[in-house]
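Peer 1: Have a look at the structure that comes next, please.
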Amino acid sequence: MTVNDIPVVAFFKRLLDPFMVWGLLILLTSMYDETFTGYYMVLMIITFFISSYIFEQTNIYRTWRNGKLLAYIRDTLVGWGIIVAILLFIGHATKLAYQYSEQVILTWFIVTPLALIASHLAVRKIASSLRKGGEARSVVIVGANDTGLKLAERILEYPYLLMEVNGYFDDRDQSRSHTGNIPLLGEVSDVAVYVREHNIQMIFISLPMAAQPRIRKLLDDLHDTTASIYFLPDVYIFDLMQARFDNVGGIPVVAICETPFYGVDSVVKNISDFVLAFLILVLLLPLLLCIALAVKLTSPGPAVFKQRRYGLNGEEIIVYKFRSMGVCEDGSNIVQAQKNDQRLTRLGAFLRRTSLDELPQFINVLQGRMSIVGPRPHAVAHNELYRKLIRGYMLRHKVKPGITGWAQVNRLRGETQDLEKMQQRIEADLHYLQNWSIWLDLWIIMRTVWVVLRRDNAY
């Protein structure tokens, strides 16, 4: 979820609003027993382009996110009125108006703005309920100056942002920091420790540019966390990761370190993951059952091995694999699988070479814990080791871990014998986060098939 107003605004602009307008037109043609001809399809396409432009110009989405209910209703009605006027003009000028049912079009003109308003208000209500139910993202603000204070006021004013301010950090003493009911949690040097201990999700830095050395040190300290970092309102940006301009309640911020999956991209990623994982599991179900039975019969122990890994935002998840060893290690001292590893069973060695041991992780994808493409999850013990040794290591947990990833298709799979090899793998993971697109995911999936067939570094 991004800072930009849930990505609810982006969701309405790009997905829900157009589909609601189209859906109503299709529904009404059915209700009035009209045939949905190609002319109605032309009307839908024209309406999409006109409404996208008009609603942007009438500030419908800006008034929505600023919480001005009456202004939003007004702008929606005015905007839709302009759209109707343009459609009527085009219809009569091109003689297309005679191709449509008057009942359908008139009802569509009246019902659509009411449905748009109702859907927006419903989502606002749902978001407010989620916040009250404890679903809000935790926030700390670094700098108790005017900008930081105003940001906190906006977050409190707009509950649909789904944010909860834990407090401020400022080097000035409390007598000079007028933070109201929001506590002053400590100095700037205390931020990283507090963020790690309380698993803070969002950090807003409101320090003057003259404080650049302090900002640089703070960013270095925060590389060991999974928190999303934003600056108010300008910053020298270090190690960009999906950096972009954004706003919270109308206040401009710059995302320094953010997930690539927000708004429609998040919806596309999650849906594609679910659909592909479901289809793969259905198609491979007989193979999965045969492997599970073979593992159970050829060595003592469970067929499926469960191990704790770090998932999205560094939270622990349970990852499934077919057991390939005679032991099930999940403690504080886990040895990576090596070539000719004596712990491997005879069947387990085959499963690892062919990557068949990874197939149960498609269940993790269906559970929403993993993605098909993303940074490979490491054992918790390895995370705790390498997060202290490799700068930016934890940033790979800004997204769900994947069954395959950019590192795996670039000959960086298998054992990492030394720190340098792990460093290369992390650099590949961060490259994926910085350059993500749905096309990159498809390319990685196709490359994975080739890599698995070649059995590169698989043991």
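By convention here, the chains of the structure tokens are called A, B, ... in the order presented, each chain's residues are numbered starting at 1, and ligands are numbered starting at 1 in the order presented.
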Need to verify the contact set: region 30-45 of chain A, 8 Å, only C-alpha atoms, exclusion of same-chain residues closer than 6 positions in sequence. Can you return it as a ChimeraX atom specification?
Peer 2: /A:22,96,99-101,103-104
Peer 1: Create the file for the chosen residues now, containing C-alpha atoms and written as a PDB file, in the first residue's frame.
Peer 2:
```pdb
ATOM      1  CA  TRP A  22     -19.018  -0.065 -18.178  1.00  0.00           C
ATOM      2  CA  LEU A  96     -24.739   7.254 -33.501  1.00  0.00           C
ATOM      3  CA  GLN A  99     -28.279   3.190 -32.480  1.00  0.00           C
ATOM      4  CA  TYR A 100     -29.020   3.085 -28.743  1.00  0.00           C
ATOM      5  CA  SER A 101     -32.078   2.478 -26.585  1.00  0.00           C
ATOM      6  CA  GLN A 103     -34.352   3.930 -21.887  1.00  0.00           C
ATOM      7  CA  VAL A 104     -30.929   2.357 -21.439  1.00  0.00           C
TER       8      VAL A 104
END
```
Peer 1: Quick check for you: according to DSSP on this backbone, which residues of region 300-438 of chain A are classed as alpha helix (DSSP H)? Reply as an NGL selection string.
Peer 2: :A and (346-354 or 361-366 or 380-386 or 419-434 or 438)
Peer 1: What does the structure give for the distance between CA of Arg308 (chain A) and CA of Ile438 (chain A), in Å to one decimal?
Peer 2: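 If I compute the distance from CA of Arg308 (chain A) to CA of Ile438 (chain A), I get 28.1 Å.
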Peer 1: Using only C-alpha atoms, pick whichever of A:Ile229, A:Val365, A:Ile50, A:Leu389 has the shortest atom-to-atom distance to Ile82 (chain A).
Peer 2: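 Looking only at the distances to Ile82 (chain A), the closest residue turns out to be A:Ile50.
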Peer 1: What's the 8 Å shell around Tyr320 (chain A), counting only C-alpha atoms, without same-chain residues fewer than 2 positions away, as a VMD selection string?
Peer 2: chain A and resid 304 to 307 318 322 358 360 to 361 363 to 364
Peer 1: Given the choices A:Gly314, A:Pro286, A:Gly348, A:Gly301, which gets closest to Gln201 (chain A) if the distance is worked out from only C-alpha atoms?
Peer 2: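 Under the stated criterion, the closest residue is A:Gly314.
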Peer 1: Using only C-alpha atoms, which residues sit within 9 Å of Leu419 (chain A) once same-chain residues fewer than 4 positions away are excluded, as a list of chain:residue names?
Peer 2: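 Answer for this query is A:Tyr386, A:Leu389, A:Ile390, A:Gln423, A:Gln424.
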Peer 1: Find the distance between CA of Ala255 (chain A) and CA of Tyr230 (chain A) and write it in Å to one decimal.
Peer 2: 4.6 Å
Peer 1: Separation of CA of Ile426 (chain A) and CA of Tyr393 (chain A), in Å?
Peer 2: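 CA of Ile426 (chain A) sits 6.4 Å away from CA of Tyr393 (chain A).
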